[in-house]
$ cat query_17.pdb   # PDB, C-alpha atoms
ATOM      1  CA  MET Y  99      35.865 -36.966  46.524  1.00  0.00           C
ATOM      2  CA  LYS Y 100      33.840 -38.734  49.207  1.00  0.00           C
ATOM      3  CA  THR Y 101      32.175 -42.096  48.562  1.00  0.00           C
ATOM      4  CA  ALA Y 102      28.767 -43.263  49.740  1.00  0.00           C
ATOM      5  CA  SER Y 103      26.779 -46.435  50.051  1.00  0.00           C
ATOM      6  CA  VAL Y 104      23.261 -46.560  48.634  1.00  0.00           C
ATOM      7  CA  GLU Y 105      21.821 -45.607  52.026  1.00  0.00           C
ATOM      8  CA  GLN Y 106      24.267 -42.811  52.792  1.00  0.00           C
ATOM      9  CA  LYS Y 107      23.627 -39.194  51.950  1.00  0.00           C
ATOM     10  CA  ILE Y 108      26.672 -37.037  51.356  1.00  0.00           C
ATOM     11  CA  PHE Y 109      26.558 -33.300  50.843  1.00  0.00           C
ATOM     12  CA  ASP Y 110      29.413 -31.918  48.778  1.00  0.00           C
ATOM     13  CA  SER Y 111      29.864 -28.249  49.641  1.00  0.00           C
ATOM     14  CA  GLU Y 112      31.945 -27.571  46.523  1.00  0.00           C
ATOM     15  CA  TYR Y 113      28.944 -28.227  44.258  1.00  0.00           C
ATOM     16  CA  GLN Y 114      26.209 -27.718  46.889  1.00  0.00           C
ATOM     17  CA  ILE Y 115      24.919 -31.145  45.899  1.00  0.00           C
ATOM     18  CA  GLU Y 116      23.455 -33.809  48.113  1.00  0.00           C
ATOM     19  CA  PHE Y 117      24.907 -37.055  46.735  1.00  0.00           C
ATOM     20  CA  ASN Y 118      21.922 -39.245  47.500  1.00  0.00           C
ATOM     21  CA  LYS Y 119      20.949 -42.196  45.283  1.00  0.00           C
ATOM     22  CA  ASN Y 120      17.382 -41.920  46.544  1.00  0.00           C
ATOM     23  CA  LEU Y 121      17.021 -38.888  44.267  1.00  0.00           C
ATOM     24  CA  ILE Y 122      17.283 -41.066  41.153  1.00  0.00           C
ATOM     25  CA  ALA Y 123      13.847 -42.313  40.130  1.00  0.00           C
ATOM     26  CA  ALA Y 124      13.574 -45.591  38.201  1.00  0.00           C
ATOM     27  CA  CYS Y 125      12.047 -43.667  35.268  1.00  0.00           C
ATOM     28  CA  GLY Y 126      14.945 -41.199  35.078  1.00  0.00           C
ATOM     29  CA  LEU Y 127      13.372 -38.253  36.842  1.00  0.00           C
ATOM     30  CA  PHE Y 128      15.492 -36.254  39.285  1.00  0.00           C
ATOM     31  CA  CYS Y 129      13.650 -36.285  42.625  1.00  0.00           C
ATOM     32  CA  GLY Y 130      15.783 -33.381  43.829  1.00  0.00           C
ATOM     33  CA  SER Y 131      13.699 -31.085  41.609  1.00  0.00           C
ATOM     34  CA  CYS Y 132      10.314 -32.473  42.662  1.00  0.00           C
ATOM     35  CA  GLY Y 133       8.139 -29.939  44.474  1.00  0.00           C
ATOM     36  CA  ILE Y 134       7.037 -32.550  47.015  1.00  0.00           C
ATOM     37  CA  TYR Y 135      10.618 -33.626  47.713  1.00  0.00           C
ATOM     38  CA  LEU Y 136      11.757 -29.994  48.039  1.00  0.00           C
ATOM     39  CA  ALA Y 137       8.924 -29.186  50.466  1.00  0.00           C
ATOM     40  CA  SER Y 138       9.697 -32.357  52.465  1.00  0.00           C
ATOM     41  CA  LYS Y 139      13.425 -31.631  52.616  1.00  0.00           C
ATOM     42  CA  GLU Y 140      12.798 -28.037  53.684  1.00  0.00           C
ATOM     43  CA  ASN Y 141      10.107 -29.044  56.221  1.00  0.00           C
ATOM     44  CA  ASP Y 142       7.733 -26.642  54.479  1.00  0.00           C
ATOM     45  CA  THR Y 143       4.439 -27.779  55.992  1.00  0.00           C
ATOM     46  CA  GLU Y 144       2.428 -25.151  54.109  1.00  0.00           C
ATOM     47  CA  ARG Y 145       3.632 -26.365  50.692  1.00  0.00           C
ATOM     48  CA  LEU Y 146       3.285 -30.026  51.734  1.00  0.00           C
ATOM     49  CA  LEU Y 147      -0.284 -29.345  52.838  1.00  0.00           C
ATOM     50  CA  HIS Y 148      -1.000 -27.735  49.465  1.00  0.00           C
ATOM     51  CA  TYR Y 149       0.263 -30.871  47.679  1.00  0.00           C
ATOM     52  CA  ALA Y 150      -1.680 -33.090  50.095  1.00  0.00           C
ATOM     53  CA  ILE Y 151      -4.922 -31.264  49.273  1.00  0.00           C
ATOM     54  CA  VAL Y 152      -4.301 -31.392  45.518  1.00  0.00           C
ATOM     55  CA  LEU Y 153      -3.453 -35.113  45.711  1.00  0.00           C
ATOM     56  CA  ASN Y 154      -6.274 -35.880  48.163  1.00  0.00           C
ATOM     57  CA  GLN Y 155      -4.011 -37.467  50.742  1.00  0.00           C
ATOM     58  CA  SER Y 156      -2.831 -36.673  54.260  1.00  0.00           C
ATOM     59  CA  LEU Y 157       0.143 -34.506  55.066  1.00  0.00           C
ATOM     60  CA  GLU Y 158       1.998 -37.564  56.406  1.00  0.00           C
ATOM     61  CA  GLU Y 159       1.262 -39.487  53.190  1.00  0.00           C
ATOM     62  CA  THR Y 160       2.640 -36.616  51.111  1.00  0.00           C
ATOM     63  CA  TYR Y 161       6.081 -36.437  52.763  1.00  0.00           C
ATOM     64  CA  CYS Y 162       8.762 -37.921  50.476  1.00  0.00           C
ATOM     65  CA  GLU Y 163      12.500 -38.615  50.647  1.00  0.00           C
ATOM     66  CA  GLY Y 164      12.867 -39.537  46.958  1.00  0.00           C
ATOM     67  CA  CYS Y 165      11.782 -42.418  44.746  1.00  0.00           C
ATOM     68  CA  GLY Y 166      14.725 -44.556  45.814  1.00  0.00           C
ATOM     69  CA  SER Y 167      13.839 -44.279  49.490  1.00  0.00           C
ATOM     70  CA  GLU Y 168      11.498 -46.255  51.684  1.00  0.00           C
ATOM     71  CA  LYS Y 169       9.511 -43.060  52.394  1.00  0.00           C
ATOM     72  CA  LYS Y 170       7.742 -42.113  49.162  1.00  0.00           C
ATOM     73  CA  SER Y 171       4.688 -39.946  48.683  1.00  0.00           C
ATOM     74  CA  ALA Y 172       1.491 -42.036  48.725  1.00  0.00           C
ATOM     75  CA  HIS Y 173       0.654 -40.566  45.324  1.00  0.00           C
ATOM     76  CA  CYS Y 174       3.782 -42.115  43.826  1.00  0.00           C
ATOM     77  CA  LEU Y 175       3.335 -45.394  45.689  1.00  0.00           C
ATOM     78  CA  LYS Y 176      -0.196 -45.738  44.315  1.00  0.00           C
ATOM     79  CA  ASN Y 177       0.385 -44.465  40.782  1.00  0.00           C
ATOM     80  CA  CYS Y 178       3.959 -45.220  39.743  1.00  0.00           C
ATOM     81  CA  ILE Y 179       3.965 -48.178  37.358  1.00  0.00           C
ATOM     82  CA  PHE Y 180       7.759 -48.261  37.396  1.00  0.00           C
ATOM     83  CA  ILE Y 181       8.036 -49.238  41.078  1.00  0.00           C
ATOM     84  CA  LYS Y 182       6.208 -52.506  40.381  1.00  0.00           C
ATOM     85  CA  CYS Y 183       7.935 -52.987  37.022  1.00  0.00           C
ATOM     86  CA  GLN Y 184      11.453 -52.616  38.444  1.00  0.00           C
ATOM     87  CA  LEU Y 185      10.660 -55.198  41.134  1.00  0.00           C
ATOM     88  CA  GLU Y 186       9.209 -57.642  38.604  1.00  0.00           C
ATOM     89  CA  LYS Y 187      12.173 -57.260  36.241  1.00  0.00           C
ATOM     90  CA  GLY Y 188      14.844 -57.092  38.929  1.00  0.00           C
ATOM     91  CA  VAL Y 189      16.312 -53.757  37.826  1.00  0.00           C
ATOM     92  CA  SER Y 190      16.782 -50.545  39.767  1.00  0.00           C
ATOM     93  CA  LEU Y 191      16.479 -48.240  36.754  1.00  0.00           C
ATOM     94  CA  CYS Y 192      14.503 -48.500  33.551  1.00  0.00           C
ATOM     95  CA  CYS Y 193      17.691 -48.032  31.519  1.00  0.00           C
ATOM     96  CA  ASN Y 194      18.957 -51.356  32.909  1.00  0.00           C
ATOM     97  CA  CYS Y 195      15.942 -53.206  31.495  1.00  0.00           C
ATOM     98  CA  LYS Y 196      16.296 -55.122  28.225  1.00  0.00           C
ATOM     99  CA  GLU Y 197      13.055 -53.443  27.034  1.00  0.00           C
ATOM    100  CA  PHE Y 198      14.377 -49.884  27.511  1.00  0.00           C
ATOM    101  CA  PHE Y 199      12.988 -47.437  26.082  1.00  0.00           C
ATOM    102  CA  CYS Y 200       9.543 -49.075  26.307  1.00  0.00           C
ATOM    103  CA  ASP Y 201       6.021 -47.916  25.474  1.00  0.00           C
ATOM    104  CA  LYS Y 202       5.275 -47.417  29.187  1.00  0.00           C
ATOM    105  CA  LEU Y 203       8.089 -44.863  29.432  1.00  0.00           C
ATOM    106  CA  GLU Y 204       6.975 -43.116  26.241  1.00  0.00           C
ATOM    107  CA  THR Y 205       3.378 -42.842  27.465  1.00  0.00           C
ATOM    108  CA  PHE Y 206       4.609 -41.587  30.846  1.00  0.00           C
ATOM    109  CA  ARG Y 207       6.873 -39.003  29.175  1.00  0.00           C
ATOM    110  CA  GLN Y 208       4.053 -37.591  27.072  1.00  0.00           C
ATOM    111  CA  LYS Y 209       1.623 -37.008  29.964  1.00  0.00           C
ATOM    112  CA  MET Y 210       3.457 -34.122  31.707  1.00  0.00           C
ATOM    113  CA  PRO Y 211       6.097 -31.650  30.541  1.00  0.00           C
ATOM    114  CA  HIS Y 212       8.546 -32.209  33.419  1.00  0.00           C
ATOM    115  CA  ARG Y 213       9.089 -35.713  31.994  1.00  0.00           C
ATOM    116  CA  VAL Y 214      10.271 -34.561  28.569  1.00  0.00           C
ATOM    117  CA  GLU Y 215      13.933 -35.457  29.196  1.00  0.00           C
ATOM    118  CA  ILE Y 216      13.556 -38.929  30.799  1.00  0.00           C
ATOM    119  CA  GLU Y 217      15.025 -40.827  27.854  1.00  0.00           C
ATOM    120  CA  GLN Y 218      18.117 -38.595  27.731  1.00  0.00           C
ATOM    121  CA  SER Y 219      18.349 -38.793  31.505  1.00  0.00           C
ATOM    122  CA  GLN Y 220      18.334 -42.602  31.410  1.00  0.00           C
ATOM    123  CA  LYS Y 221      20.947 -42.648  28.653  1.00  0.00           C
ATOM    124  CA  LEU Y 222      23.141 -40.378  30.764  1.00  0.00           C
ATOM    125  CA  LEU Y 223      22.781 -42.823  33.662  1.00  0.00           C
ATOM    126  CA  LEU Y 224      24.093 -45.555  31.348  1.00  0.00           C
ATOM    127  CA  SER Y 225      27.073 -43.492  30.228  1.00  0.00           C
ATOM    128  CA  THR Y 226      28.270 -42.083  33.568  1.00  0.00           C
ATOM    129  CA  ASP Y 227      28.189 -42.827  37.281  1.00  0.00           C
ATOM    130  CA  TRP Y 228      25.347 -41.760  39.547  1.00  0.00           C
ATOM    131  CA  LYS Y 229      27.322 -38.920  41.156  1.00  0.00           C
ATOM    132  CA  ASN Y 230      28.020 -37.281  37.804  1.00  0.00           C
ATOM    133  CA  TRP Y 231      24.350 -37.757  36.902  1.00  0.00           C
ATOM    134  CA  LEU Y 232      23.364 -35.914  40.105  1.00  0.00           C
ATOM    135  CA  ILE Y 233      25.834 -33.112  39.318  1.00  0.00           C
ATOM    136  CA  PHE Y 234      24.315 -32.780  35.838  1.00  0.00           C
ATOM    137  CA  GLN Y 235      20.729 -32.773  37.155  1.00  0.00           C
ATOM    138  CA  ASN Y 236      21.529 -30.258  39.890  1.00  0.00           C
ATOM    139  CA  ASP Y 237      23.022 -28.013  37.222  1.00  0.00           C
ATOM    140  CA  ARG Y 238      19.827 -28.328  35.104  1.00  0.00           C
ATOM    141  CA  PHE Y 239      17.528 -27.258  37.953  1.00  0.00           C
ATOM    142  CA  ARG Y 240      19.739 -24.784  39.851  1.00  0.00           C
ATOM    143  CA  CYS Y 241      19.153 -21.031  39.648  1.00  0.00           C
ATOM    144  CA  ILE Y 242      22.177 -19.377  38.040  1.00  0.00           C
ATOM    145  CA  ASN Y 243      21.686 -16.362  40.291  1.00  0.00           C
ATOM    146  CA  CYS Y 244      21.331 -17.847  43.811  1.00  0.00           C
ATOM    147  CA  ASN Y 245      21.953 -21.639  43.392  1.00  0.00           C
ATOM    148  CA  THR Y 246      18.486 -22.628  44.657  1.00  0.00           C
ATOM    149  CA  ILE Y 247      17.164 -25.887  43.221  1.00  0.00           C
ATOM    150  CA  ASN Y 248      13.825 -25.287  41.490  1.00  0.00           C
ATOM    151  CA  SER Y 249      11.212 -27.666  40.178  1.00  0.00           C
ATOM    152  CA  ALA Y 250      10.338 -28.015  36.505  1.00  0.00           C
ATOM    153  CA  TYR Y 251       7.289 -25.849  37.199  1.00  0.00           C
ATOM    154  CA  HIS Y 252       9.018 -22.887  38.833  1.00  0.00           C
ATOM    155  CA  ILE Y 253       9.127 -20.406  35.948  1.00  0.00           C
ATOM    156  CA  TRP Y 254      10.942 -17.935  38.201  1.00  0.00           C
ATOM    157  CA  CYS Y 255      13.310 -18.904  41.011  1.00  0.00           C
ATOM    158  CA  ARG Y 256      11.396 -19.672  44.192  1.00  0.00           C
ATOM    159  CA  ASN Y 257      14.135 -17.935  46.220  1.00  0.00           C
ATOM    160  CA  CYS Y 258      15.358 -14.861  44.304  1.00  0.00           C
ATOM    161  CA  GLY Y 259      12.739 -14.507  41.543  1.00  0.00           C
ATOM    162  CA  ASN Y 260      15.263 -14.867  38.708  1.00  0.00           C
ATOM    163  CA  THR Y 261      13.677 -15.737  35.358  1.00  0.00           C
ATOM    164  CA  PRO Y 262      14.140 -18.327  34.080  1.00  0.00           C
ATOM    165  CA  SER Y 263      14.536 -20.258  37.312  1.00  0.00           C
ATOM    166  CA  CYS Y 264      16.956 -22.801  35.805  1.00  0.00           C
ATOM    167  CA  LYS Y 265      18.330 -24.252  32.566  1.00  0.00           C
ATOM    168  CA  PHE Y 266      15.465 -26.737  32.308  1.00  0.00           C
ATOM    169  CA  ILE Y 267      12.906 -23.893  32.309  1.00  0.00           C
ATOM    170  CA  GLU Y 268      15.024 -21.880  29.897  1.00  0.00           C
ATOM    171  CA  GLU Y 269      14.832 -24.757  27.396  1.00  0.00           C
ATOM    172  CA  HIS Y 270      11.208 -25.809  28.016  1.00  0.00           C
ATOM    173  CA  ASN Y 271       9.568 -22.564  29.162  1.00  0.00           C
ATOM    174  CA  GLU Y 272       6.872 -22.388  26.488  1.00  0.00           C
ATOM    175  CA  THR Y 273       5.733 -25.985  27.085  1.00  0.00           C
ATOM    176  CA  ILE Y 274       5.718 -25.551  30.871  1.00  0.00           C
ATOM    177  CA  GLU Y 275       3.832 -22.237  30.751  1.00  0.00           C
ATOM    178  CA  THR Y 276       1.231 -23.707  28.359  1.00  0.00           C
ATOM    179  CA  TYR Y 277       0.739 -26.652  30.727  1.00  0.00           C
ATOM    180  CA  LEU Y 278       0.357 -24.366  33.754  1.00  0.00           C
ATOM    181  CA  ILE Y 279      -2.197 -22.149  31.973  1.00  0.00           C
ATOM    182  CA  ASP Y 280      -4.318 -25.059  30.732  1.00  0.00           C
TER     183      ASP Y 280
END
$ encode --input "query_17.pdb" --output "structure tokens"
Amino acid sequence: MKTASVEQKIFDSEYQIEFNKNLIAACGLFCGSCGIYLASKENDTERLLHYAIVLNQSLEETYCEGCGSEKKSAHCLKNCIFIKCQLEKGVSLCCNCKEFFCDKLETFRQKMPHRVEIEQSQKLLLSTDWKNWLIFQNDRFRCINCNTINSAYHIWCRNCGNTPSCKFIEEHNETIETYLID
């Protein structure tokens, strides 16, 4: 298998996975399944504009290359408490902090349903290497029918319409649908 530095992005055609450390958020979220990241990666200006309007920021401020990158969405830069926390504590991931799993993470997890698995995600990061973590996360958010990566809010696959769109939705469908309706 190929190796990569933190800055390098490697695409492994066997798994259809972009091995990119920037897709690992400090909190344990998988940026590869973020709607903003997906729209940025796919240069989907229409979807990015939708997010920009919802977040009350410019199109340029919405573009994102993942939480580990220099180019983050302005929304995340302004609102993510973990960016500041990781700098203050000198850790790259919350799971490397001596206070893991803290009240800040628990409060964050409870606010939105796509965050439900952040503790398990962090524990997986502690027990395996980052490439295996990315393989696992890609598997969680990949459509079993067409291999498209979907967000935690795509009930049906955004490419082929398969329902559920991915394993994550299969396991958390009721919670996600309730959130989307409210």
$ atom_distance --input "query_17.pdb" --atom1 "atom CA of Leu278 of chain Y" --atom2 "atom CA of Trp231 of chain Y"
27.7 Å
$ closest_residue --input "query_17.pdb" --among "Y:Phe117, Y:Ile274, Y:Ala124, Y:Tyr161" --to "Phe198 of chain Y" --atoms "only C-alpha atoms"
Y:Ala124
$ atom_distance --input "query_17.pdb" --atom1 "atom CA of Ser249 of chain Y" --atom2 "atom CA of Glu197 of chain Y"
29.0 Å
$ atom_distance --input "query_17.pdb" --atom1 "atom CA of Lys202 of chain Y" --atom2 "atom CA of Leu127 of chain Y"
14.4 Å
$ resolve_selection --input "query_17.pdb" --expression "the PyMOL selection byres ((chain Y and resi 203-213) around 7)" --output "list in words"
Leu127, Phe199, Cys200, Asp201, Lys202, Val214, Glu215, Ile216, Ala250, Thr273 and Ile274 of chain Y
$ resolve_selection --input "query_17.pdb" --expression "the PyMOL selection byres ((chain Y and resi 122) around 9)" --output "PyMOL selection string"
chain Y and resi 118-121+123-130+164-166+191+228+231-232
$ resolve_selection --input "query_17.pdb" --expression "the PyMOL selection byres ((chain Y and resi 242) around 12)" --output "VMD selection string"
chain Y and resid 236 to 241 243 to 248 254 to 255 257 to 268
$ closest_residue --input "query_17.pdb" --among "Y:Ile253, Y:Cys162, Y:Cys195, Y:Leu136" --to "Thr276 of chain Y" --atoms "all atoms listed in the file"
Y:Ile253
$ decode --input "query_17.pdb" --residues "segment 111-239 of chain Y" --atoms "C-alpha atoms" --output "compact mmCIF listing (two decimals), in the first residue's frame"
# COMPACT_ATOMS: atom_id res chain seq x y z
CA SER Y 111 -8.47 2.83 -6.48
CA GLU Y 112 -8.94 -0.58 -4.84
CA TYR Y 113 -11.14 0.92 -2.12
CA GLN Y 114 -12.09 4.14 -3.95
CA ILE Y 115 -10.83 6.00 -0.90
CA GLU Y 116 -8.95 9.26 -0.77
CA PHE Y 117 -6.35 8.72 1.97
CA ASN Y 118 -6.28 12.28 3.24
CA LYS Y 119 -5.64 13.11 6.91
CA ASN Y 120 -7.46 16.40 6.44
CA LEU Y 121 -10.70 14.40 6.48
CA ILE Y 122 -10.23 13.53 10.16
CA ALA Y 123 -11.79 16.21 12.35
CA ALA Y 124 -10.40 16.76 15.86
CA CYS Y 125 -13.81 15.78 17.30
CA GLY Y 126 -13.90 12.46 15.43
CA LEU Y 127 -16.22 13.40 12.59
CA PHE Y 128 -15.41 12.16 9.09
CA CYS Y 129 -15.17 15.23 6.85
CA GLY Y 130 -15.48 13.02 3.78
CA SER Y 131 -19.20 12.68 4.54
CA CYS Y 132 -19.82 16.38 5.19
CA GLY Y 133 -22.18 17.98 2.68
CA ILE Y 134 -20.00 21.09 2.46
CA TYR Y 135 -16.84 19.05 1.87
CA LEU Y 136 -18.60 16.90 -0.76
CA ALA Y 137 -19.89 19.98 -2.60
CA SER Y 138 -16.42 21.58 -2.42
CA LYS Y 139 -14.66 18.46 -3.68
CA GLU Y 140 -17.15 18.07 -6.53
CA ASN Y 141 -17.04 21.80 -7.40
CA ASP Y 142 -20.82 21.88 -7.02
CA THR Y 143 -21.38 25.63 -6.90
CA GLU Y 144 -25.15 25.27 -6.61
CA ARG Y 145 -24.93 23.14 -3.45
CA LEU Y 146 -22.15 25.34 -2.02
CA LEU Y 147 -24.31 28.41 -2.61
CA HIS Y 148 -27.19 26.70 -0.80
CA TYR Y 149 -24.93 26.06 2.22
CA ALA Y 150 -23.58 29.62 2.03
CA ILE Y 151 -27.10 31.05 2.20
CA VAL Y 152 -28.12 28.79 5.09
CA LEU Y 153 -24.92 29.67 6.99
CA ASN Y 154 -25.09 33.36 6.07
CA GLN Y 155 -21.62 33.46 4.57
CA SER Y 156 -20.10 33.94 1.12
CA LEU Y 157 -19.55 31.16 -1.36
CA GLU Y 158 -15.77 31.55 -0.94
CA GLU Y 159 -16.12 31.31 2.86
CA THR Y 160 -18.14 28.10 2.51
CA TYR Y 161 -15.58 26.14 0.46
CA CYS Y 162 -13.84 23.51 2.62
CA GLU Y 163 -11.07 20.94 2.19
CA GLY Y 164 -11.65 19.21 5.55
CA CYS Y 165 -11.13 20.11 9.20
CA GLY Y 166 -7.46 19.15 9.08
CA SER Y 167 -6.74 21.53 6.21
CA GLU Y 168 -5.88 25.19 6.12
CA LYS Y 169 -9.03 25.85 4.04
CA LYS Y 170 -12.01 25.30 6.34
CA SER Y 171 -15.53 26.61 6.00
CA ALA Y 172 -15.94 29.95 7.82
CA HIS Y 173 -18.80 28.38 9.76
CA CYS Y 174 -16.45 25.81 11.26
CA LEU Y 175 -13.67 28.34 11.83
CA LYS Y 176 -16.06 30.57 13.78
CA ASN Y 177 -18.00 27.90 15.68
CA CYS Y 178 -15.76 24.89 16.26
CA ILE Y 179 -14.61 24.88 19.88
CA PHE Y 180 -12.28 21.96 19.18
CA ILE Y 181 -9.99 23.91 16.83
CA LYS Y 182 -9.05 26.27 19.67
CA CYS Y 183 -9.00 23.47 22.25
CA GLN Y 184 -6.62 21.26 20.25
CA LEU Y 185 -4.22 24.20 19.84
CA GLU Y 186 -4.35 25.05 23.54
CA LYS Y 187 -3.79 21.44 24.60
CA GLY Y 188 -1.27 20.58 21.89
CA VAL Y 189 -3.18 17.60 20.49
CA SER Y 190 -4.40 16.93 16.97
CA LEU Y 191 -7.38 14.81 18.01
CA CYS Y 192 -9.63 14.90 21.05
CA CYS Y 193 -8.86 11.24 21.75
CA ASN Y 194 -5.23 12.21 22.40
CA CYS Y 195 -6.27 14.60 25.18
CA LYS Y 196 -5.99 13.48 28.81
CA GLU Y 197 -9.56 14.79 29.35
CA PHE Y 198 -11.10 12.60 26.61
CA PHE Y 199 -14.20 12.04 26.53
CA CYS Y 200 -15.00 15.49 27.99
CA ASP Y 201 -18.23 17.39 28.62
CA LYS Y 202 -17.57 19.58 25.56
CA LEU Y 203 -17.60 16.51 23.32
CA GLU Y 204 -20.74 15.15 24.98
CA THR Y 205 -22.59 18.45 24.54
CA PHE Y 206 -21.42 18.65 20.92
CA ARG Y 207 -22.55 15.06 20.26
CA GLN Y 208 -26.04 15.69 21.60
CA LYS Y 209 -26.75 18.78 19.45
CA MET Y 210 -27.01 17.07 16.03
CA PRO Y 211 -27.65 13.47 14.97
CA HIS Y 212 -24.67 13.17 12.59
CA ARG Y 213 -22.44 13.41 15.68
CA VAL Y 214 -23.90 10.38 17.45
CA GLU Y 215 -20.85 8.16 16.80
CA ILE Y 216 -18.00 10.59 17.68
CA GLU Y 217 -16.95 8.74 20.83
CA GLN Y 218 -16.74 5.39 19.01
CA SER Y 219 -14.98 7.12 16.14
CA GLN Y 220 -12.35 8.57 18.48
CA LYS Y 221 -11.85 5.20 20.17
CA LEU Y 222 -11.32 3.63 16.75
CA LEU Y 223 -8.67 6.27 16.01
CA LEU Y 224 -6.88 5.18 19.20
CA SER Y 225 -7.01 1.50 18.28
CA THR Y 226 -5.98 1.64 14.60
CA ASP Y 227 -4.05 3.79 12.16
CA TRP Y 228 -5.59 6.71 10.30
CA LYS Y 229 -5.79 4.84 6.98
CA ASN Y 230 -7.85 2.03 8.49
CA TRP Y 231 -10.04 4.65 10.17
CA LEU Y 232 -10.66 6.26 6.76
CA ILE Y 233 -11.48 2.85 5.24
CA PHE Y 234 -13.98 2.22 8.05
CA GLN Y 235 -15.59 5.67 7.69
CA ASN Y 236 -15.82 5.39 3.91
CA ASP Y 237 -17.56 2.06 4.38
CA ARG Y 238 -20.06 3.65 6.82
CA PHE Y 239 -21.06 6.42 4.40
